[in-house]
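Pasted below: entry_35.pdb, PDB, N, CA and C atoms, pLDDT in the B column.
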```pdb
ATOM      1  N   MET A   1      -2.023  -5.849  -8.211  1.00 71.00           N
ATOM      2  CA  MET A   1      -1.801  -6.301  -6.848  1.00 71.00           C
ATOM      3  C   MET A   1      -3.017  -7.103  -6.385  1.00 71.00           C
ATOM      4  N   ILE A   2      -2.749  -8.101  -5.606  1.00 80.00           N
ATOM      5  CA  ILE A   2      -3.803  -8.899  -5.003  1.00 80.00           C
ATOM      6  C   ILE A   2      -4.600  -7.990  -4.067  1.00 80.00           C
ATOM      7  N   ASP A   3      -5.897  -8.125  -4.071  1.00 84.00           N
ATOM      8  CA  ASP A   3      -6.715  -7.330  -3.161  1.00 84.00           C
ATOM      9  C   ASP A   3      -7.209  -8.245  -2.050  1.00 84.00           C
ATOM     10  N   PHE A   4      -6.396  -8.402  -1.038  1.00 92.00           N
ATOM     11  CA  PHE A   4      -6.698  -9.255   0.105  1.00 92.00           C
ATOM     12  C   PHE A   4      -7.160  -8.376   1.254  1.00 92.00           C
ATOM     13  N   ASP A   5      -8.287  -8.715   1.860  1.00 94.00           N
ATOM     14  CA  ASP A   5      -8.788  -7.962   3.007  1.00 94.00           C
ATOM     15  C   ASP A   5      -8.616  -8.820   4.253  1.00 94.00           C
ATOM     16  N   PRO A   6      -7.650  -8.499   5.101  1.00 94.00           N
ATOM     17  CA  PRO A   6      -7.389  -9.324   6.272  1.00 94.00           C
ATOM     18  C   PRO A   6      -8.543  -9.368   7.269  1.00 94.00           C
ATOM     19  N   ALA A   7      -9.455  -8.432   7.172  1.00 92.00           N
ATOM     20  CA  ALA A   7     -10.587  -8.399   8.095  1.00 92.00           C
ATOM     21  C   ALA A   7     -11.694  -9.366   7.669  1.00 92.00           C
ATOM     22  N   THR A   8     -11.795  -9.650   6.382  1.00 94.00           N
ATOM     23  CA  THR A   8     -12.903 -10.491   5.916  1.00 94.00           C
ATOM     24  C   THR A   8     -12.480 -11.759   5.189  1.00 94.00           C
ATOM     25  N   ASP A   9     -11.318 -11.754   4.558  1.00 94.00           N
ATOM     26  CA  ASP A   9     -10.875 -12.939   3.826  1.00 94.00           C
ATOM     27  C   ASP A   9     -10.362 -13.994   4.798  1.00 94.00           C
ATOM     28  N   THR A  10     -10.765 -15.238   4.559  1.00 91.00           N
ATOM     29  CA  THR A  10     -10.329 -16.333   5.425  1.00 91.00           C
ATOM     30  C   THR A  10      -9.201 -17.097   4.753  1.00 91.00           C
ATOM     31  N   GLY A  11      -8.589 -17.971   5.484  1.00 92.00           N
ATOM     32  CA  GLY A  11      -7.477 -18.733   4.942  1.00 92.00           C
ATOM     33  C   GLY A  11      -6.167 -18.007   5.134  1.00 92.00           C
ATOM     34  N   LYS A  12      -5.133 -18.605   4.565  1.00 95.00           N
ATOM     35  CA  LYS A  12      -3.793 -18.023   4.704  1.00 95.00           C
ATOM     36  C   LYS A  12      -3.680 -16.715   3.940  1.00 95.00           C
ATOM     37  N   ALA A  13      -2.959 -15.794   4.529  1.00 97.00           N
ATOM     38  CA  ALA A  13      -2.708 -14.503   3.880  1.00 97.00           C
ATOM     39  C   ALA A  13      -1.706 -14.727   2.743  1.00 97.00           C
ATOM     40  N   PRO A  14      -2.065 -14.332   1.531  1.00 97.00           N
ATOM     41  CA  PRO A  14      -1.137 -14.503   0.420  1.00 97.00           C
ATOM     42  C   PRO A  14      -0.025 -13.453   0.468  1.00 97.00           C
ATOM     43  N   SER A  15       1.064 -13.769  -0.181  1.00 97.00           N
ATOM     44  CA  SER A  15       2.138 -12.781  -0.284  1.00 97.00           C
ATOM     45  C   SER A  15       1.661 -11.637  -1.165  1.00 97.00           C
ATOM     46  N   PRO A  16       1.923 -10.404  -0.766  1.00 97.00           N
ATOM     47  CA  PRO A  16       1.532  -9.258  -1.585  1.00 97.00           C
ATOM     48  C   PRO A  16       2.514  -8.975  -2.733  1.00 97.00           C
ATOM     49  N   CYS A  17       3.591  -9.746  -2.815  1.00 97.00           N
ATOM     50  CA  CYS A  17       4.618  -9.514  -3.835  1.00 97.00           C
ATOM     51  C   CYS A  17       4.045  -9.677  -5.241  1.00 97.00           C
ATOM     52  N   ILE A  18       4.341  -8.700  -6.108  1.00 96.00           N
ATOM     53  CA  ILE A  18       3.929  -8.780  -7.512  1.00 96.00           C
ATOM     54  C   ILE A  18       5.144  -8.727  -8.433  1.00 96.00           C
ATOM     55  N   SER A  19       6.310  -9.025  -7.893  1.00 96.00           N
ATOM     56  CA  SER A  19       7.579  -9.079  -8.636  1.00 96.00           C
ATOM     57  C   SER A  19       7.976  -7.737  -9.247  1.00 96.00           C
ATOM     58  N   VAL A  20       7.603  -6.659  -8.590  1.00 95.00           N
ATOM     59  CA  VAL A  20       8.075  -5.322  -8.933  1.00 95.00           C
ATOM     60  C   VAL A  20       8.837  -4.860  -7.690  1.00 95.00           C
ATOM     61  N   CYS A  21      10.092  -5.239  -7.626  1.00 94.00           N
ATOM     62  CA  CYS A  21      10.874  -5.051  -6.407  1.00 94.00           C
ATOM     63  C   CYS A  21      11.794  -3.840  -6.528  1.00 94.00           C
ATOM     64  N   ARG A  22      11.237  -2.674  -6.221  1.00 96.00           N
ATOM     65  CA  ARG A  22      11.994  -1.422  -6.221  1.00 96.00           C
ATOM     66  C   ARG A  22      11.609  -0.646  -4.972  1.00 96.00           C
ATOM     67  N   MET A  23      12.604  -0.305  -4.194  1.00 97.00           N
ATOM     68  CA  MET A  23      12.342   0.465  -2.982  1.00 97.00           C
ATOM     69  C   MET A  23      12.325   1.947  -3.330  1.00 97.00           C
ATOM     70  N   HIS A  24      11.262   2.624  -2.951  1.00 95.00           N
ATOM     71  CA  HIS A  24      11.130   4.057  -3.204  1.00 95.00           C
ATOM     72  C   HIS A  24      12.031   4.792  -2.218  1.00 95.00           C
ATOM     73  N   PRO A  25      12.944   5.633  -2.710  1.00 95.00           N
ATOM     74  CA  PRO A  25      13.922   6.271  -1.823  1.00 95.00           C
ATOM     75  C   PRO A  25      13.313   7.189  -0.760  1.00 95.00           C
ATOM     76  N   GLN A  26      12.211   7.867  -1.063  1.00 93.00           N
ATOM     77  CA  GLN A  26      11.631   8.782  -0.073  1.00 93.00           C
ATOM     78  C   GLN A  26      10.750   8.068   0.953  1.00 93.00           C
ATOM     79  N   THR A  27       9.962   7.092   0.514  1.00 93.00           N
ATOM     80  CA  THR A  27       9.044   6.438   1.442  1.00 93.00           C
ATOM     81  C   THR A  27       9.646   5.220   2.123  1.00 93.00           C
ATOM     82  N   GLY A  28      10.645   4.604   1.487  1.00 95.00           N
ATOM     83  CA  GLY A  28      11.209   3.374   2.034  1.00 95.00           C
ATOM     84  C   GLY A  28      10.314   2.175   1.804  1.00 95.00           C
ATOM     85  N   LEU A  29       9.318   2.327   0.928  1.00 96.00           N
ATOM     86  CA  LEU A  29       8.379   1.242   0.638  1.00 96.00           C
ATOM     87  C   LEU A  29       8.652   0.657  -0.740  1.00 96.00           C
ATOM     88  N   CYS A  30       8.380  -0.622  -0.889  1.00 97.00           N
ATOM     89  CA  CYS A  30       8.484  -1.248  -2.197  1.00 97.00           C
ATOM     90  C   CYS A  30       7.404  -0.653  -3.098  1.00 97.00           C
ATOM     91  N   GLU A  31       7.788  -0.280  -4.312  1.00 95.00           N
ATOM     92  CA  GLU A  31       6.827   0.319  -5.245  1.00 95.00           C
ATOM     93  C   GLU A  31       5.795  -0.698  -5.737  1.00 95.00           C
ATOM     94  N   GLY A  32       6.097  -1.984  -5.621  1.00 96.00           N
ATOM     95  CA  GLY A  32       5.166  -3.010  -6.072  1.00 96.00           C
ATOM     96  C   GLY A  32       4.169  -3.456  -5.020  1.00 96.00           C
ATOM     97  N   CYS A  33       4.650  -3.668  -3.791  1.00 96.00           N
ATOM     98  CA  CYS A  33       3.769  -4.250  -2.761  1.00 96.00           C
ATOM     99  C   CYS A  33       3.531  -3.358  -1.545  1.00 96.00           C
ATOM    100  N   PHE A  34       4.168  -2.205  -1.505  1.00 97.00           N
ATOM    101  CA  PHE A  34       3.977  -1.235  -0.411  1.00 97.00           C
ATOM    102  C   PHE A  34       4.457  -1.740   0.950  1.00 97.00           C
ATOM    103  N   ARG A  35       5.399  -2.701   0.947  1.00 98.00           N
ATOM    104  CA  ARG A  35       5.967  -3.167   2.217  1.00 98.00           C
ATOM    105  C   ARG A  35       7.317  -2.511   2.455  1.00 98.00           C
ATOM    106  N   THR A  36       7.713  -2.465   3.727  1.00 98.00           N
ATOM    107  CA  THR A  36       9.059  -2.015   4.076  1.00 98.00           C
ATOM    108  C   THR A  36      10.021  -3.168   3.835  1.00 98.00           C
ATOM    109  N   ILE A  37      11.307  -2.863   3.796  1.00 97.00           N
ATOM    110  CA  ILE A  37      12.305  -3.920   3.604  1.00 97.00           C
ATOM    111  C   ILE A  37      12.243  -4.930   4.746  1.00 97.00           C
ATOM    112  N   GLU A  38      11.977  -4.474   5.952  1.00 98.00           N
ATOM    113  CA  GLU A  38      11.856  -5.376   7.107  1.00 98.00           C
ATOM    114  C   GLU A  38      10.649  -6.308   6.941  1.00 98.00           C
ATOM    115  N   GLU A  39       9.529  -5.770   6.490  1.00 98.00           N
ATOM    116  CA  GLU A  39       8.338  -6.602   6.276  1.00 98.00           C
ATOM    117  C   GLU A  39       8.584  -7.649   5.197  1.00 98.00           C
ATOM    118  N   ILE A  40       9.319  -7.269   4.164  1.00 98.00           N
ATOM    119  CA  ILE A  40       9.646  -8.204   3.086  1.00 98.00           C
ATOM    120  C   ILE A  40      10.569  -9.303   3.618  1.00 98.00           C
ATOM    121  N   ALA A  41      11.592  -8.910   4.356  1.00 98.00           N
ATOM    122  CA  ALA A  41      12.590  -9.854   4.854  1.00 98.00           C
ATOM    123  C   ALA A  41      12.009 -10.864   5.839  1.00 98.00           C
ATOM    124  N   THR A  42      11.023 -10.455   6.625  1.00 98.00           N
ATOM    125  CA  THR A  42      10.487 -11.353   7.653  1.00 98.00           C
ATOM    126  C   THR A  42       9.216 -12.089   7.219  1.00 98.00           C
ATOM    127  N   TRP A  43       8.730 -11.829   6.006  1.00 98.00           N
ATOM    128  CA  TRP A  43       7.466 -12.421   5.560  1.00 98.00           C
ATOM    129  C   TRP A  43       7.455 -13.947   5.671  1.00 98.00           C
ATOM    130  N   SER A  44       8.505 -14.607   5.224  1.00 97.00           N
ATOM    131  CA  SER A  44       8.499 -16.074   5.176  1.00 97.00           C
ATOM    132  C   SER A  44       8.461 -16.721   6.556  1.00 97.00           C
ATOM    133  N   THR A  45       8.872 -16.010   7.582  1.00 98.00           N
ATOM    134  CA  THR A  45       8.850 -16.573   8.935  1.00 98.00           C
ATOM    135  C   THR A  45       7.782 -15.929   9.824  1.00 98.00           C
ATOM    136  N   ALA A  46       7.034 -15.010   9.272  1.00 98.00           N
ATOM    137  CA  ALA A  46       6.001 -14.308  10.054  1.00 98.00           C
ATOM    138  C   ALA A  46       4.822 -15.225  10.357  1.00 98.00           C
ATOM    139  N   THR A  47       4.210 -14.981  11.496  1.00 98.00           N
ATOM    140  CA  THR A  47       2.997 -15.723  11.834  1.00 98.00           C
ATOM    141  C   THR A  47       1.848 -15.212  10.960  1.00 98.00           C
ATOM    142  N   GLU A  48       0.790 -15.966  10.924  1.00 97.00           N
ATOM    143  CA  GLU A  48      -0.384 -15.544  10.154  1.00 97.00           C
ATOM    144  C   GLU A  48      -0.927 -14.216  10.681  1.00 97.00           C
ATOM    145  N   GLU A  49      -0.903 -14.036  11.990  1.00 97.00           N
ATOM    146  CA  GLU A  49      -1.363 -12.782  12.594  1.00 97.00           C
ATOM    147  C   GLU A  49      -0.499 -11.604  12.130  1.00 97.00           C
ATOM    148  N   MET A  50       0.812 -11.812  12.091  1.00 98.00           N
ATOM    149  CA  MET A  50       1.718 -10.746  11.651  1.00 98.00           C
ATOM    150  C   MET A  50       1.487 -10.418  10.174  1.00 98.00           C
ATOM    151  N   LYS A  51       1.265 -11.434   9.357  1.00 98.00           N
ATOM    152  CA  LYS A  51       1.010 -11.210   7.927  1.00 98.00           C
ATOM    153  C   LYS A  51      -0.264 -10.397   7.735  1.00 98.00           C
ATOM    154  N   ARG A  52      -1.281 -10.684   8.513  1.00 97.00           N
ATOM    155  CA  ARG A  52      -2.533  -9.929   8.426  1.00 97.00           C
ATOM    156  C   ARG A  52      -2.331  -8.474   8.860  1.00 97.00           C
ATOM    157  N   GLU A  53      -1.492  -8.258   9.863  1.00 97.00           N
ATOM    158  CA  GLU A  53      -1.177  -6.887  10.288  1.00 97.00           C
ATOM    159  C   GLU A  53      -0.458  -6.130   9.172  1.00 97.00           C
ATOM    160  N   VAL A  54       0.458  -6.812   8.490  1.00 98.00           N
ATOM    161  CA  VAL A  54       1.164  -6.189   7.366  1.00 98.00           C
ATOM    162  C   VAL A  54       0.158  -5.846   6.271  1.00 98.00           C
ATOM    163  N   TRP A  55      -0.764  -6.757   5.997  1.00 97.00           N
ATOM    164  CA  TRP A  55      -1.785  -6.482   4.977  1.00 97.00           C
ATOM    165  C   TRP A  55      -2.636  -5.268   5.345  1.00 97.00           C
ATOM    166  N   MET A  56      -2.950  -5.108   6.627  1.00 97.00           N
ATOM    167  CA  MET A  56      -3.721  -3.925   7.046  1.00 97.00           C
ATOM    168  C   MET A  56      -2.928  -2.660   6.769  1.00 97.00           C
ATOM    169  N   GLU A  57      -1.610  -2.705   7.029  1.00 97.00           N
ATOM    170  CA  GLU A  57      -0.748  -1.556   6.745  1.00 97.00           C
ATOM    171  C   GLU A  57      -0.673  -1.291   5.247  1.00 97.00           C
ATOM    172  N   ILE A  58      -0.557  -2.344   4.455  1.00 96.00           N
ATOM    173  CA  ILE A  58      -0.503  -2.190   2.995  1.00 96.00           C
ATOM    174  C   ILE A  58      -1.762  -1.485   2.505  1.00 96.00           C
ATOM    175  N   ARG A  59      -2.915  -1.912   2.968  1.00 94.00           N
ATOM    176  CA  ARG A  59      -4.184  -1.297   2.549  1.00 94.00           C
ATOM    177  C   ARG A  59      -4.231   0.172   2.945  1.00 94.00           C
ATOM    178  N   ARG A  60      -3.748   0.486   4.145  1.00 95.00           N
ATOM    179  CA  ARG A  60      -3.724   1.881   4.605  1.00 95.00           C
ATOM    180  C   ARG A  60      -2.776   2.702   3.734  1.00 95.00           C
ATOM    181  N   ARG A  61      -1.594   2.167   3.473  1.00 94.00           N
ATOM    182  CA  ARG A  61      -0.609   2.876   2.656  1.00 94.00           C
ATOM    183  C   ARG A  61      -1.129   3.114   1.241  1.00 94.00           C
ATOM    184  N   ARG A  62      -1.771   2.125   0.667  1.00 91.00           N
ATOM    185  CA  ARG A  62      -2.313   2.283  -0.699  1.00 91.00           C
ATOM    186  C   ARG A  62      -3.375   3.369  -0.742  1.00 91.00           C
ATOM    187  N   GLU A  63      -4.199   3.466   0.287  1.00 90.00           N
ATOM    188  CA  GLU A  63      -5.224   4.511   0.328  1.00 90.00           C
ATOM    189  C   GLU A  63      -4.594   5.894   0.380  1.00 90.00           C
ATOM    190  N   GLU A  64      -3.460   6.017   1.061  1.00 88.00           N
ATOM    191  CA  GLU A  64      -2.764   7.302   1.145  1.00 88.00           C
ATOM    192  C   GLU A  64      -2.212   7.721  -0.219  1.00 88.00           C
ATOM    193  N   VAL A  65      -1.765   6.746  -1.005  1.00 79.00           N
ATOM    194  CA  VAL A  65      -1.162   7.028  -2.301  1.00 79.00           C
ATOM    195  C   VAL A  65      -2.221   7.283  -3.369  1.00 79.00           C
ATOM    196  N   PHE A  66      -3.288   6.522  -3.344  1.00 70.00           N
ATOM    197  CA  PHE A  66      -4.315   6.639  -4.390  1.00 70.00           C
ATOM    198  C   PHE A  66      -5.466   7.381  -3.853  1.00 70.00           C
TER     199      PHE A  66
END
```

Now that the file is in, can you turn its structure into structure tokens?
Amino acid sequence: MIDFDPATDTGKAPSPCISVCRMHPQTGLCEGCFRTIEEIATWSTATEEMKREVWMEIRRRREEVF
């Protein structure tokens, strides 16, 4: 997975997708990128601010798992 830090990295937020598209039945999160189906569906039209917020959530979720 890309390690993007929305607090320090500049430029456009990259997509967190790593082409492992499986939704975990208990968490409702993609097993590859840790996004919800709603976050995945709205990514292409999200503002840069919204993408950075999603990245902050992804980082938080990954810390909970690992």

Q. Any idea what the distance is between CA of Val20 (chain A) and atom N of Thr8 (chain A)?
A.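 Taking CA of Val20 (chain A) and atom N of Thr8 (chain A), their separation equals 25.5 Å.
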
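Here the residues within chain A that DSSP labels helix (DSSP H, G or I) on the basis of the backbone are Ile37, Glu38, Glu39, Ile40, Ala41, Thr42, Trp43, Ser44, Thr45, Glu48, Glu49, Met50, Lys51, Arg52, Glu53, Val54, Trp55, Met56, Glu57, Ile58, Arg59, Arg60, Arg61, Arg62, Glu63, Glu64 and Val65 of chain A.
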
Same residues, N, CA and C atoms, output as an mmCIF file, in the coordinates of the input:
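Below you can see again.cif, which holds the result:
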```cif
data_model
loop_
_atom_site.group_PDB
_atom_site.id
_atom_site.type_symbol
_atom_site.label_atom_id
_atom_site.label_comp_id
_atom_site.auth_asym_id
_atom_site.auth_seq_id
_atom_site.Cartn_x
_atom_site.Cartn_y
_atom_site.Cartn_z
ATOM 1 N N ILE A 37 11.307 -2.863 3.796
ATOM 2 C CA ILE A 37 12.305 -3.920 3.604
ATOM 3 C C ILE A 37 12.243 -4.930 4.746
ATOM 4 N N GLU A 38 11.977 -4.474 5.952
ATOM 5 C CA GLU A 38 11.856 -5.376 7.107
ATOM 6 C C GLU A 38 10.649 -6.308 6.941
ATOM 7 N N GLU A 39 9.529 -5.770 6.490
ATOM 8 C CA GLU A 39 8.338 -6.602 6.276
ATOM 9 C C GLU A 39 8.584 -7.649 5.197
ATOM 10 N N ILE A 40 9.319 -7.269 4.164
ATOM 11 C CA ILE A 40 9.646 -8.204 3.086
ATOM 12 C C ILE A 40 10.569 -9.303 3.618
ATOM 13 N N ALA A 41 11.592 -8.910 4.356
ATOM 14 C CA ALA A 41 12.590 -9.854 4.854
ATOM 15 C C ALA A 41 12.009 -10.864 5.839
ATOM 16 N N THR A 42 11.023 -10.455 6.625
ATOM 17 C CA THR A 42 10.487 -11.353 7.653
ATOM 18 C C THR A 42 9.216 -12.089 7.219
ATOM 19 N N TRP A 43 8.730 -11.829 6.006
ATOM 20 C CA TRP A 43 7.466 -12.421 5.560
ATOM 21 C C TRP A 43 7.455 -13.947 5.671
ATOM 22 N N SER A 44 8.505 -14.607 5.224
ATOM 23 C CA SER A 44 8.499 -16.074 5.176
ATOM 24 C C SER A 44 8.461 -16.721 6.556
ATOM 25 N N THR A 45 8.872 -16.010 7.582
ATOM 26 C CA THR A 45 8.850 -16.573 8.935
ATOM 27 C C THR A 45 7.782 -15.929 9.824
ATOM 28 N N GLU A 48 0.790 -15.966 10.924
ATOM 29 C CA GLU A 48 -0.384 -15.544 10.154
ATOM 30 C C GLU A 48 -0.927 -14.216 10.681
ATOM 31 N N GLU A 49 -0.903 -14.036 11.990
ATOM 32 C CA GLU A 49 -1.363 -12.782 12.594
ATOM 33 C C GLU A 49 -0.499 -11.604 12.130
ATOM 34 N N MET A 50 0.812 -11.812 12.091
ATOM 35 C CA MET A 50 1.718 -10.746 11.651
ATOM 36 C C MET A 50 1.487 -10.418 10.174
ATOM 37 N N LYS A 51 1.265 -11.434 9.357
ATOM 38 C CA LYS A 51 1.010 -11.210 7.927
ATOM 39 C C LYS A 51 -0.264 -10.397 7.735
ATOM 40 N N ARG A 52 -1.281 -10.684 8.513
ATOM 41 C CA ARG A 52 -2.533 -9.929 8.426
ATOM 42 C C ARG A 52 -2.331 -8.474 8.860
ATOM 43 N N GLU A 53 -1.492 -8.258 9.863
ATOM 44 C CA GLU A 53 -1.177 -6.887 10.288
ATOM 45 C C GLU A 53 -0.458 -6.130 9.172
ATOM 46 N N VAL A 54 0.458 -6.812 8.490
ATOM 47 C CA VAL A 54 1.164 -6.189 7.366
ATOM 48 C C VAL A 54 0.158 -5.846 6.271
ATOM 49 N N TRP A 55 -0.764 -6.757 5.997
ATOM 50 C CA TRP A 55 -1.785 -6.482 4.977
ATOM 51 C C TRP A 55 -2.636 -5.268 5.345
ATOM 52 N N MET A 56 -2.950 -5.108 6.627
ATOM 53 C CA MET A 56 -3.721 -3.925 7.046
ATOM 54 C C MET A 56 -2.928 -2.660 6.769
ATOM 55 N N GLU A 57 -1.610 -2.705 7.029
ATOM 56 C CA GLU A 57 -0.748 -1.556 6.745
ATOM 57 C C GLU A 57 -0.673 -1.291 5.247
ATOM 58 N N ILE A 58 -0.557 -2.344 4.455
ATOM 59 C CA ILE A 58 -0.503 -2.190 2.995
ATOM 60 C C ILE A 58 -1.762 -1.485 2.505
ATOM 61 N N ARG A 59 -2.915 -1.912 2.968
ATOM 62 C CA ARG A 59 -4.184 -1.297 2.549
ATOM 63 C C ARG A 59 -4.231 0.172 2.945
ATOM 64 N N ARG A 60 -3.748 0.486 4.145
ATOM 65 C CA ARG A 60 -3.724 1.881 4.605
ATOM 66 C C ARG A 60 -2.776 2.702 3.734
ATOM 67 N N ARG A 61 -1.594 2.167 3.473
ATOM 68 C CA ARG A 61 -0.609 2.876 2.656
ATOM 69 C C ARG A 61 -1.129 3.114 1.241
ATOM 70 N N ARG A 62 -1.771 2.125 0.667
ATOM 71 C CA ARG A 62 -2.313 2.283 -0.699
ATOM 72 C C ARG A 62 -3.375 3.369 -0.742
ATOM 73 N N GLU A 63 -4.199 3.466 0.287
ATOM 74 C CA GLU A 63 -5.224 4.511 0.328
ATOM 75 C C GLU A 63 -4.594 5.894 0.380
ATOM 76 N N GLU A 64 -3.460 6.017 1.061
ATOM 77 C CA GLU A 64 -2.764 7.302 1.145
ATOM 78 C C GLU A 64 -2.212 7.721 -0.219
ATOM 79 N N VAL A 65 -1.765 6.746 -1.005
ATOM 80 C CA VAL A 65 -1.162 7.028 -2.301
ATOM 81 C C VAL A 65 -2.221 7.283 -3.369
#
```

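Each of A:Phe34, A:Arg22, A:Pro16, A:Met1 was compared to Arg62 (chain A) using all atoms listed in the file, and A:Phe34 turns out to be the nearest.
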
Q) Counting only C-alpha atoms, which of A:Glu38, A:Cys33, A:Trp43, A:Phe4 gets nearest to Cys21 (chain A)? A) A:Cys33

Q: DSSP on the backbone, then: every residue of chain A marked strand (DSSP E or B), written as a list in words.
A: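 So, restricting chain A to strand (DSSP E or B), we get Met23, Leu29, Cys30 and Thr36 of chain A.
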
Selection file, N, CA and C atoms, as a compact mmCIF listing (two decimals), in the coordinates of the input:
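Generated file (again_12.txt):
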```txt
# COMPACT_ATOMS: atom_id res chain seq x y z
N MET A 23 12.60 -0.30 -4.19
CA MET A 23 12.34 0.46 -2.98
C MET A 23 12.32 1.95 -3.33
N LEU A 29 9.32 2.33 0.93
CA LEU A 29 8.38 1.24 0.64
C LEU A 29 8.65 0.66 -0.74
N CYS A 30 8.38 -0.62 -0.89
CA CYS A 30 8.48 -1.25 -2.20
C CYS A 30 7.40 -0.65 -3.10
N THR A 36 7.71 -2.46 3.73
CA THR A 36 9.06 -2.02 4.08
C THR A 36 10.02 -3.17 3.84
```
